[in-house]
file model36.txt (compact mmCIF, C-alpha atoms and all ligand atoms)
# COMPACT_ATOMS: atom_id res chain seq x y z
CA MET A 1 180.82 77.89 24.02
CA VAL A 2 177.47 76.49 23.36
CA SER A 3 176.49 76.88 26.89
CA ASP A 4 177.77 80.45 26.98
CA LYS A 5 175.67 81.30 23.99
CA GLY A 6 172.72 79.85 25.64
CA LYS A 7 173.33 81.72 28.88
CA GLN A 8 173.69 85.13 27.40
CA PRO A 9 170.16 85.76 26.24
CA ALA A 10 168.81 83.96 29.22
CA GLY A 11 170.74 86.28 31.55
CA LYS A 12 169.48 89.30 29.71
CA SER A 13 165.94 88.25 29.80
CA SER A 14 166.09 87.38 33.48
CA GLY A 15 167.61 90.77 34.19
CA LYS A 16 164.79 92.40 32.40
CA ARG A 17 162.28 90.41 34.26
CA LYS A 18 163.83 91.53 37.53
CA VAL A 19 163.10 95.14 36.69
CA ASP A 20 159.56 94.24 35.87
CA ASP A 21 159.25 92.30 39.07
CA ASP A 22 160.46 95.22 41.12
CA LYS A 23 157.87 97.37 39.54
CA THR A 24 155.21 94.88 40.27
CA GLY A 25 156.34 94.52 43.85
CA GLY A 26 156.57 98.24 44.37
CA ALA A 27 153.25 98.74 42.80
CA LYS A 28 151.72 96.21 45.10
CA LYS A 29 153.08 97.89 48.17
CA ARG A 30 151.83 101.21 46.99
CA ARG A 31 148.49 99.75 46.31
CA ASN A 32 148.37 98.52 49.87
CA ARG A 33 149.02 101.89 51.33
CA GLY A 34 147.03 104.03 49.01
CA VAL A 35 144.04 102.03 48.00
CA LEU A 36 143.71 99.14 50.36
CA GLN A 37 145.36 100.39 53.51
CA PHE A 38 142.82 98.59 55.65
CA LEU A 39 144.15 95.30 54.38
CA GLU A 40 147.76 96.04 55.28
CA ASP A 41 148.21 92.89 57.32
CA ALA A 42 147.05 90.53 54.66
CA ALA A 43 149.03 92.30 51.97
CA VAL A 44 152.26 92.23 53.94
CA ALA A 45 151.86 88.56 54.65
CA SER A 46 151.69 87.83 50.94
CA ASP A 47 154.76 89.94 50.15
CA GLY A 48 156.80 86.82 49.42
CA ASP A 49 154.61 85.99 46.48
CA TYR A 50 154.78 89.15 44.50
CA SER A 51 157.69 88.15 42.26
CA SER A 52 155.27 85.95 40.39
CA GLY A 53 153.97 89.14 38.87
CA ASP A 54 150.39 88.01 38.78
CA SER A 55 149.05 91.43 39.54
CA ILE A 56 145.45 91.92 38.69
CA PHE A 57 146.05 95.64 38.35
CA ASP A 58 147.72 97.41 35.47
CA ASP A 59 151.21 98.08 36.79
CA ASP A 60 151.55 101.26 34.78
CA PHE A 61 148.84 102.77 36.84
CA PHE A 62 151.17 102.95 39.81
CA GLU A 63 154.31 103.90 37.96
CA GLU A 64 154.39 107.62 38.76
CA GLU A 65 155.65 107.50 42.32
CA GLU A 66 157.64 104.35 41.90
CA TYR A 67 160.91 105.93 43.10
CA ASP A 68 159.66 107.27 46.39
CA LEU A 69 159.09 103.82 47.72
CA GLY A 70 162.47 102.98 49.24
CA THR A 71 162.54 104.80 52.58
CA ASN A 72 159.05 106.14 52.86
CA ASP A 73 157.63 102.72 52.64
CA LYS A 74 158.44 101.72 56.19
CA ASN A 75 157.17 104.93 57.69
CA ASP A 76 153.97 104.74 55.81
CA GLN A 77 153.46 101.17 56.84
CA SER A 78 153.87 101.85 60.50
CA LYS A 79 151.61 104.86 60.20
CA SER A 80 148.84 102.97 58.56
CA HIS A 81 149.28 100.17 61.08
CA SER A 82 148.66 102.41 64.03
CA LEU A 83 145.65 103.93 62.38
CA PRO A 84 142.99 101.56 61.21
CA VAL A 85 144.33 98.18 62.28
CA PHE A 86 144.81 98.71 66.01
CA PRO A 87 142.58 101.49 67.33
CA LYS A 88 143.40 102.32 70.91
CA GLU A 89 140.53 101.04 72.94
CA GLU A 90 140.60 103.65 75.65
CA GLU A 91 140.58 106.45 73.17
CA PHE A 92 137.72 104.80 71.43
CA GLU A 93 135.80 104.53 74.69
CA GLU A 94 136.46 108.09 75.68
CA GLU A 95 135.37 109.30 72.33
CA PHE A 96 132.23 107.23 72.53
CA ASP A 97 131.47 108.35 76.08
CA LYS A 98 131.86 111.97 75.09
CA MET A 99 129.59 111.47 72.16
CA MET A 100 126.91 109.83 74.27
CA GLU A 101 127.15 112.45 76.98
CA GLU A 102 126.83 115.16 74.40
CA ARG A 103 123.89 113.47 72.80
CA TYR A 104 122.00 112.83 75.98
CA LYS A 105 122.95 115.72 78.20
CA ASN A 106 119.43 117.05 77.92
CA ALA A 107 117.91 113.72 78.81
CA SER A 108 116.52 115.11 82.05
CA ALA A 109 114.29 117.39 80.01
CA PHE A 110 112.89 114.36 78.25
CA LEU A 111 112.36 112.64 81.55
CA ARG A 112 110.26 115.37 83.01
CA PHE A 113 108.24 115.55 79.88
CA ALA A 114 107.67 111.82 79.79
CA GLU A 115 106.85 111.46 83.47
CA ASP A 116 103.21 110.58 82.78
CA GLU A 117 104.09 107.85 80.31
CA PRO A 118 105.79 105.12 82.30
CA ASP A 119 106.79 103.10 79.25
CA LEU A 120 108.24 106.05 77.43
CA ARG A 121 110.02 107.24 80.54
CA ARG A 122 111.65 103.88 81.02
CA PHE A 123 112.70 103.81 77.41
CA VAL A 124 114.34 107.19 77.61
CA GLU A 125 116.07 106.40 80.86
CA GLU A 126 117.48 103.13 79.63
CA ASP A 127 118.84 104.43 76.42
CA ALA A 128 119.92 107.82 77.59
CA SER A 129 122.02 107.06 80.57
CA ILE A 130 125.43 105.67 81.12
CA PRO A 131 127.43 106.39 84.25
CA SER A 132 129.07 109.81 84.20
CA ILE A 133 132.59 110.66 85.29
CA LYS A 134 131.21 111.58 88.69
CA ASP A 135 129.76 108.11 89.21
CA PRO A 136 131.81 105.35 90.79
CA THR A 137 133.73 102.99 88.53
CA THR A 138 132.33 99.52 87.91
CA TRP A 139 134.93 96.80 88.43
CA LYS A 140 134.80 93.32 87.01
CA VAL A 141 136.02 90.84 89.59
CA LYS A 142 136.93 87.23 88.94
CA CYS A 143 135.54 84.55 91.20
CA ALA A 144 135.05 80.80 91.13
CA VAL A 145 132.32 79.70 88.73
CA GLY A 146 129.10 79.21 90.67
CA ARG A 147 130.11 81.67 93.40
CA GLU A 148 128.96 84.82 91.62
CA ARG A 149 125.80 85.39 93.66
CA ASN A 150 127.46 84.23 96.80
CA SER A 151 130.24 86.76 96.40
CA ALA A 152 127.71 89.59 96.20
CA PHE A 153 125.86 88.23 99.26
CA CYS A 154 129.05 87.84 101.27
CA LEU A 155 130.15 91.39 100.59
CA MET A 156 126.79 92.69 101.86
CA GLN A 157 127.10 90.56 104.96
CA LYS A 158 130.61 91.88 105.50
CA TYR A 159 129.36 95.44 105.08
CA VAL A 160 126.71 94.91 107.74
CA ASP A 161 129.10 93.15 110.11
CA LEU A 162 131.68 95.92 109.82
CA GLN A 163 129.03 98.58 110.27
CA ALA A 164 128.09 96.98 113.57
CA LEU A 165 131.72 97.44 114.59
CA GLY A 166 131.66 101.07 113.53
CA LYS A 167 133.75 100.44 110.42
CA LYS A 168 132.85 101.06 106.83
CA LEU A 169 133.33 98.86 103.82
CA GLN A 170 134.10 101.35 101.10
CA ILE A 171 132.43 99.65 98.14
CA ILE A 172 129.11 101.01 96.90
CA SER A 173 127.48 97.92 95.44
CA ALA A 174 128.27 94.38 94.33
CA TYR A 175 126.27 92.45 91.79
CA ALA A 176 126.11 89.19 89.91
CA VAL A 177 124.35 88.76 86.58
CA GLU A 178 123.37 85.27 85.58
CA HIS A 179 124.83 85.30 82.09
CA MET A 180 128.34 86.12 83.38
CA LYS A 181 130.00 83.01 84.71
CA GLY A 182 133.05 83.36 86.92
CA HIS A 183 132.70 87.10 87.40
CA PHE A 184 130.78 89.60 89.44
CA PHE A 185 130.85 93.38 89.52
CA VAL A 186 131.61 95.95 92.16
CA GLU A 187 130.95 99.66 92.14
CA ALA A 188 133.71 101.55 93.94
CA GLU A 189 135.74 104.69 93.53
CA LYS A 190 139.08 102.89 93.66
CA GLN A 191 140.43 99.50 92.76
CA SER A 192 142.12 99.30 96.15
CA GLU A 193 138.72 99.53 97.83
CA VAL A 194 137.51 96.54 95.87
CA ILE A 195 140.56 94.51 96.81
CA GLU A 196 140.27 95.55 100.45
CA ALA A 197 136.57 94.62 100.55
CA CYS A 198 137.18 91.18 99.04
CA LYS A 199 139.99 90.37 101.47
CA GLY A 200 139.32 87.24 103.44
CA LEU A 201 136.53 86.03 101.19
CA CYS A 202 137.39 82.76 99.56
CA SER A 203 136.82 82.04 95.86
CA ILE A 204 137.23 85.70 94.92
CA TYR A 205 140.38 86.40 92.94
CA THR A 206 141.44 89.93 93.76
CA THR A 207 144.36 89.78 91.36
CA ARG A 208 141.80 89.98 88.58
CA VAL A 209 140.00 93.27 89.13
CA THR A 210 139.50 95.32 85.98
CA PRO A 211 137.42 98.43 85.25
CA VAL A 212 134.40 98.09 82.96
CA PRO A 213 134.05 100.81 80.31
CA ARG A 214 131.23 103.14 81.31
CA SER A 215 129.30 102.64 78.10
CA GLN A 216 129.06 98.90 78.79
CA VAL A 217 127.67 99.12 82.31
CA PRO A 218 124.00 99.45 81.28
CA HIS A 219 124.30 96.29 79.19
CA LEU A 220 125.37 94.36 82.27
CA LEU A 221 122.32 95.44 84.20
CA ASN A 222 119.85 95.00 81.40
CA VAL A 223 118.47 91.60 82.32
CA ARG A 224 115.04 90.12 82.37
CA SER A 225 113.87 87.31 84.52
CA ARG A 226 114.57 84.23 82.54
CA ARG A 227 112.63 81.64 84.43
CA ALA A 228 109.33 83.17 83.48
CA GLU A 229 110.16 82.38 79.90
CA ILE A 230 109.38 78.72 80.44
CA SER A 231 105.94 78.15 79.03
CA VAL A 232 103.63 75.31 78.15
CA GLY A 233 104.68 73.49 75.00
CA MET A 234 108.41 74.17 75.40
CA TRP A 235 110.88 71.35 75.08
CA ALA A 236 113.16 70.40 77.92
CA ARG A 237 115.94 67.92 78.60
CA VAL A 238 115.94 65.80 81.75
CA LYS A 239 119.15 66.23 83.73
CA ASN A 240 118.95 63.47 86.31
CA GLY A 241 117.33 60.19 87.24
CA THR A 242 115.86 57.42 85.13
CA TYR A 243 115.03 59.72 82.27
CA LYS A 244 118.35 61.55 82.24
CA GLY A 245 119.07 62.92 78.79
CA ASP A 246 115.54 62.36 77.52
CA LEU A 247 113.51 64.99 75.76
CA ALA A 248 110.42 66.23 77.58
CA GLN A 249 107.64 68.66 76.86
CA VAL A 250 106.30 71.17 79.35
CA VAL A 251 102.58 70.67 79.99
CA ALA A 252 102.12 72.97 83.01
CA VAL A 253 104.06 75.71 84.78
CA ASN A 254 103.64 76.79 88.36
CA ASP A 255 105.67 79.97 88.78
CA ALA A 256 104.88 80.45 92.42
CA LYS A 257 106.13 76.99 93.36
CA ARG A 258 108.84 77.00 90.69
CA ARG A 259 107.64 73.66 89.38
CA VAL A 260 106.90 72.51 85.88
CA THR A 261 105.07 69.40 84.79
CA VAL A 262 106.49 67.60 81.79
CA LYS A 263 105.51 64.66 79.67
CA LEU A 264 108.01 62.02 78.62
CA ILE A 265 108.05 58.95 76.49
CA PRO A 266 108.05 56.09 79.00
CA ARG A 267 111.19 54.03 78.97
CA ILE A 268 110.11 50.44 78.70
CA ASP A 269 112.85 47.92 79.14
CA LEU A 270 111.64 45.25 76.75
CA GLN A 271 114.45 42.85 77.57
CA ALA A 272 113.71 43.00 81.29
CA LEU A 273 110.05 42.43 80.54
CA ALA A 274 110.81 39.49 78.31
CA GLN A 275 112.92 37.87 80.98
CA LYS A 276 110.20 38.32 83.54
CA PHE A 277 107.62 36.40 81.56
CA MET B 278 116.73 107.71 103.00
CA GLY B 279 120.47 108.24 102.63
CA SER B 280 123.37 105.91 103.04
CA SER B 281 122.84 106.31 106.77
CA ALA B 282 119.54 104.43 106.59
CA PRO B 283 119.75 101.13 108.44
CA PRO B 284 120.13 98.25 105.98
CA ALA B 285 117.43 95.69 105.35
CA GLN B 286 117.82 92.17 106.66
CA ILE B 287 120.44 90.25 104.74
CA PRO B 288 119.30 86.83 103.47
CA THR B 289 120.28 84.13 105.90
CA SER B 290 120.45 81.47 103.22
CA PHE B 291 120.99 81.49 99.50
CA GLY B 292 118.76 78.65 98.40
CA HIS B 293 115.32 78.24 96.89
CA GLU B 294 113.52 79.89 99.79
CA LEU B 295 114.72 83.28 98.58
CA ARG B 296 112.02 85.64 97.37
CA ALA B 297 112.02 89.13 95.92
CA CYS B 298 109.51 91.85 96.69
CA LEU B 299 107.57 92.63 93.50
CA ARG B 300 107.61 96.35 94.17
CA CYS B 301 111.08 97.19 95.49
CA ARG B 302 112.87 93.96 94.50
CA LEU B 303 114.38 93.44 97.94
CA VAL B 304 115.55 89.85 98.33
CA LYS B 305 115.13 87.94 101.58
CA THR B 306 114.04 84.50 102.68
CA TYR B 307 110.37 83.67 103.02
CA ASP B 308 110.82 83.52 106.79
CA GLN B 309 112.41 86.95 106.90
CA PHE B 310 109.50 88.46 104.98
CA ARG B 311 107.07 86.68 107.30
CA GLU B 312 108.77 87.92 110.44
CA ASN B 313 109.62 91.46 109.44
CA GLY B 314 107.82 92.27 106.21
CA CYS B 315 109.52 94.37 103.57
CA GLU B 316 111.60 97.28 104.88
CA ASN B 317 110.74 99.42 101.85
CA CYS B 318 107.08 98.46 101.60
CA PRO B 319 105.67 98.24 105.15
CA PHE B 320 102.17 99.01 103.80
CA PHE B 321 102.04 95.51 102.29
CA LYS B 322 101.95 94.20 105.87
CA MET B 323 103.48 90.88 104.93
CA ASP B 324 104.41 90.33 108.56
CA GLU B 325 100.76 90.40 109.53
CA ASP B 326 99.40 88.16 106.81
CA PRO B 327 101.62 85.40 105.41
CA GLU B 328 99.37 85.08 102.36
CA ARG B 329 100.46 88.52 101.37
CA ILE B 330 104.00 87.19 100.96
CA VAL B 331 102.87 84.96 98.12
CA ASP B 332 101.12 87.90 96.44
CA CYS B 333 103.82 90.48 97.00
CA THR B 334 106.97 88.46 96.42
CA THR B 335 108.27 86.01 93.86
CA PRO B 336 110.86 83.26 93.82
CA ASN B 337 111.51 84.04 90.14
CA PHE B 338 114.14 86.66 89.72
CA ASN B 339 117.31 87.24 87.79
CA GLY B 340 120.57 88.55 89.15
CA ILE B 341 121.54 89.83 92.58
CA ILE B 342 122.80 93.21 93.65
CA SER B 343 124.01 94.10 97.12
CA VAL B 344 123.57 97.82 97.55
CA MET B 345 125.71 99.24 100.33
CA ASP B 346 125.29 102.89 99.39
CA PRO B 347 122.10 103.48 97.37
CA THR B 348 122.67 107.21 97.05
CA ARG B 349 126.03 106.83 95.34
CA SER B 350 125.32 103.67 93.31
CA TRP B 351 124.73 104.37 89.65
CA ALA B 352 123.49 100.80 89.21
CA ALA B 353 120.90 101.28 91.95
CA ARG B 354 119.69 104.47 90.34
CA TRP B 355 119.50 102.80 86.95
CA LEU B 356 117.56 99.91 88.48
CA ARG B 357 115.29 102.41 90.23
CA ILE B 358 116.15 101.14 93.67
CA GLY B 359 118.33 104.13 94.60
CA LYS B 360 115.83 105.46 97.12
CA PHE B 361 115.46 102.24 99.05
CA VAL B 362 117.40 101.09 102.11
CA PRO B 363 120.76 99.33 101.70
CA GLY B 364 120.27 95.62 101.20
CA VAL B 365 120.27 92.74 98.74
CA TYR B 366 118.07 93.27 95.70
CA THR B 367 117.44 91.52 92.42
CA LEU B 368 118.10 93.04 89.03
CA ALA B 369 114.79 91.88 87.59
CA VAL B 370 111.59 90.12 88.56
CA SER B 371 109.35 88.48 86.01
CA GLU B 372 105.90 89.07 87.43
CA ALA B 373 103.91 92.21 87.97
CA LEU B 374 102.29 93.05 91.26
CA PRO B 375 98.63 91.90 91.36
CA ASP B 376 96.15 94.64 90.45
CA ASP B 377 94.72 95.09 93.92
CA LEU B 378 98.19 95.62 95.33
CA GLN B 379 99.06 98.05 92.56
CA ALA B 380 95.97 99.95 93.64
CA LEU B 381 97.28 99.86 97.20
CA CYS B 382 100.53 101.44 96.01
CA GLU B 383 98.54 104.21 94.40
CA GLU B 384 96.60 104.74 97.59
CA GLU B 385 99.84 104.92 99.51
CA ARG B 386 101.22 107.24 96.86
CA VAL B 387 104.29 105.13 96.31
CA GLN B 388 105.79 104.51 92.92
CA TYR B 389 105.39 101.16 91.25
CA ALA B 390 106.99 100.20 87.93
CA PRO B 391 105.92 96.85 86.47
CA PRO B 392 108.69 94.62 85.08
CA LYS B 393 109.96 95.35 81.58
CA ARG B 394 108.40 93.28 78.87
CA VAL B 395 110.68 91.52 76.41
ZN ZN A 401 109.29 95.87 98.95

call {"tool": "encode", "arguments": {"input": "model36.txt", "output": "structure tokens"}}
result
Amino acid sequence: MVSDKGKQPAGKSSGKRKVDDDKTGGAKKRRNRGVLQFLEDAAVASDGDYSSGDSIFDDDFFEEEEYDLGTNDKNDQSKSHSLPVFPKEEEFEEEFDKMMEERYKNASAFLRFAEDEPDLRRFVEEDASIPSIKDPTTWKVKCAVGRERNSAFCLMQKYVDLQALGKKLQIISAYAVEHMKGHFFVEAEKQSEVIEACKGLCSIYTTRVTPVPRSQVPHLLNVRSRRAEISVGMWARVKNGTYKGDLAQVVAVNDAKRRVTVKLIPRIDLQALAQKF
Amino acid sequence: MGSSAPPAQIPTSFGHELRACLRCRLVKTYDQFRENGCENCPFFKMDEDPERIVDCTTPNFNGIISVMDPTRSWAARWLRIGKFVPGVYTLAVSEALPDDLQALCEEERVQYAPPKRV
């Protein structure tokens, strides 16, 4: 009896709370879709928590469309998922390419105009151009780390050898950039031509040949000679020999001979000296 | 010069003796430059005067590109080597051609573009 009496109001109040909770939960979901749709993922992940009712928003604010939630909710979620959270890369690229082509289709006019200003001309050329649809595709090819340059060399050698036999290697160019380890790039119309060209060359993995988006190709080629950047006063770390691991400072650079002179703190083995005397 | 142009010599080794022509960026070994000069820049006459090789070429370069078909290569055009013979080139050299040799290019009416500054 006593317990029954106690249960009754408790049951009532919990039932009431349930209604409130539903509102809160529904409101939260709505808030995700309507206001914060870009945070869908995070909001969904925290769905389990919403019964706590610790909403920072006034629930009444969302009350109006409370009843539409049931079935529409799923549709809306999937819709908003496919929109901002996972943009399709290819579409993105195409869009971007179109935009750039549109923007720079009159670049040739600039070029002619800027012909007498070498610096300006270079600037325009660099920024204006990306490969067009008519240009060959650039393919990223995987190779063993350290064999990037060699791969490009070998393909040229193969091209020349085949030419001597009256055959033609179908690729247009092959290049290695120093900041890309384990990859080199091939210009060719078709993927099959890349694979065919790389046949028989060791340490090239022809199962990993992927096209590079056109807009990214100029970035690959935009390199500056790094070695010239070593200058007097720079710090260096010794890689081999007695002073391996020691810090050194560059005191002279001979670019032509590719030699630098460095100064080091002499390593004096005091123990060995002490034993000697 | 189209894709039918005979290719330049291909480097016979890939080590430190490689050098790049400061004008056209063709990459060959020192010995190849000494024996045959530069296929794109015969007016430098590197094959006649070995000292010219030191002036006209550099061992400091960044990146390698083998150009099989210069006329169709977008990369070659972008690098401004699209009108040279097929061969192995570098993407970038660090030094500019000495002034007297730049003057020679002008005399010969050939284009020369100094390396991009950072
Ligand atoms: Zn040259």

call {"tool": "interface_residues", "arguments": {"input": "model36.txt", "of": "chain B", "to": "chain A", "cutoff": "6 Å", "atoms": "only C-alpha atoms", "output": "ChimeraX atom specification"}}
result
/B:338-346,350,369-371

call {"tool": "residues_near_ligand", "arguments": {"input": "model36.txt", "ligand": "ligand ZN 401 (chain A)", "cutoff": "7 Å", "atoms": "all atoms listed in the file", "output": "PDB file with C-alpha atoms, in the coordinates of the input"}}
result
ATOM      1  CA  CYS B 298     109.510  91.850  96.690  1.00  0.00           C
ATOM      2  CA  LEU B 299     107.570  92.630  93.500  1.00  0.00           C
ATOM      3  CA  ARG B 300     107.610  96.350  94.170  1.00  0.00           C
ATOM      4  CA  CYS B 301     111.080  97.190  95.490  1.00  0.00           C
ATOM      5  CA  ARG B 302     112.870  93.960  94.500  1.00  0.00           C
ATOM      6  CA  LEU B 303     114.380  93.440  97.940  1.00  0.00           C
ATOM      7  CA  CYS B 315     109.520  94.370 103.570  1.00  0.00           C
ATOM      8  CA  GLU B 316     111.600  97.280 104.880  1.00  0.00           C
ATOM      9  CA  ASN B 317     110.740  99.420 101.850  1.00  0.00           C
ATOM     10  CA  CYS B 318     107.080  98.460 101.600  1.00  0.00           C
TER      11      CYS B 318
END

call {"tool": "atom_distance", "arguments": {"input": "model36.txt", "atom1": "CA of Ile268 in chain A", "atom2": "CA of Ala236 in chain A"}}
result
20.2 Å

call {"tool": "closest_atom_pairs", "arguments": {"input": "model36.txt", "of": "range 343-394 of chain B", "to": "range 323-335 of chain B", "cutoff": "12 Å", "atoms": "only C-alpha atoms", "output": "JSON lines"}}
result
{"residue": "B:Thr367", "atom": "CA", "partner": "B:Thr335", "partner_atom": "CA", "distance": 10.8}
{"residue": "B:Ala369", "atom": "CA", "partner": "B:Thr335", "partner_atom": "CA", "distance": 10.8}
{"residue": "B:Val370", "atom": "CA", "partner": "B:Thr335", "partner_atom": "CA", "distance": 7.5}
{"residue": "B:Ser371", "atom": "CA", "partner": "B:Thr335", "partner_atom": "CA", "distance": 8.3}
{"residue": "B:Glu372", "atom": "CA", "partner": "B:Thr335", "partner_atom": "CA", "distance": 7.5}
{"residue": "B:Ala373", "atom": "CA", "partner": "B:Cys333", "partner_atom": "CA", "distance": 9.2}
{"residue": "B:Leu374", "atom": "CA", "partner": "B:Cys333", "partner_atom": "CA", "distance": 6.5}
{"residue": "B:Pro375", "atom": "CA", "partner": "B:Asp332", "partner_atom": "CA", "distance": 6.9}
{"residue": "B:Asp376", "atom": "CA", "partner": "B:Asp332", "partner_atom": "CA", "distance": 10.3}
{"residue": "B:Asp377", "atom": "CA", "partner": "B:Asp332", "partner_atom": "CA", "distance": 10.0}
{"residue": "B:Leu378", "atom": "CA", "partner": "B:Cys333", "partner_atom": "CA", "distance": 7.8}
{"residue": "B:Gln379", "atom": "CA", "partner": "B:Cys333", "partner_atom": "CA", "distance": 10.0}
{"residue": "B:Leu381", "atom": "CA", "partner": "B:Cys333", "partner_atom": "CA", "distance": 11.4}
{"residue": "B:Cys382", "atom": "CA", "partner": "B:Cys333", "partner_atom": "CA", "distance": 11.5}

call {"tool": "atom_distance", "arguments": {"input": "model36.txt", "atom1": "CA of Gln249 in chain A", "atom2": "CA of Ile265 in chain A"}}
result
9.7 Å

call {"tool": "atom_distance", "arguments": {"input": "model36.txt", "atom1": "CA of Gly292 in chain B", "atom2": "CA of Val362 in chain B"}}
result
22.8 Å

call {"tool": "axis_aligned_box", "arguments": {"input": "model36.txt", "around": "range 334-346 of chain B", "padding_each_side": "3 Å", "output": "AutoDock Vina command-line options"}}
result
--center_x 116.3 --center_y 93.1 --center_z 94.1 --size_x 24.7 --size_y 25.6 --size_z 18.5

call {"tool": "residues_around", "arguments": {"input": "model36.txt", "residues": "Pro347 in chain B", "least_positions_apart": "6", "cutoff": "7 Å", "atoms": "only C-alpha atoms", "output": "list in words"}}
result
Ser280, Ala353, Gly359, Lys360, Phe361 and Pro363 of chain B
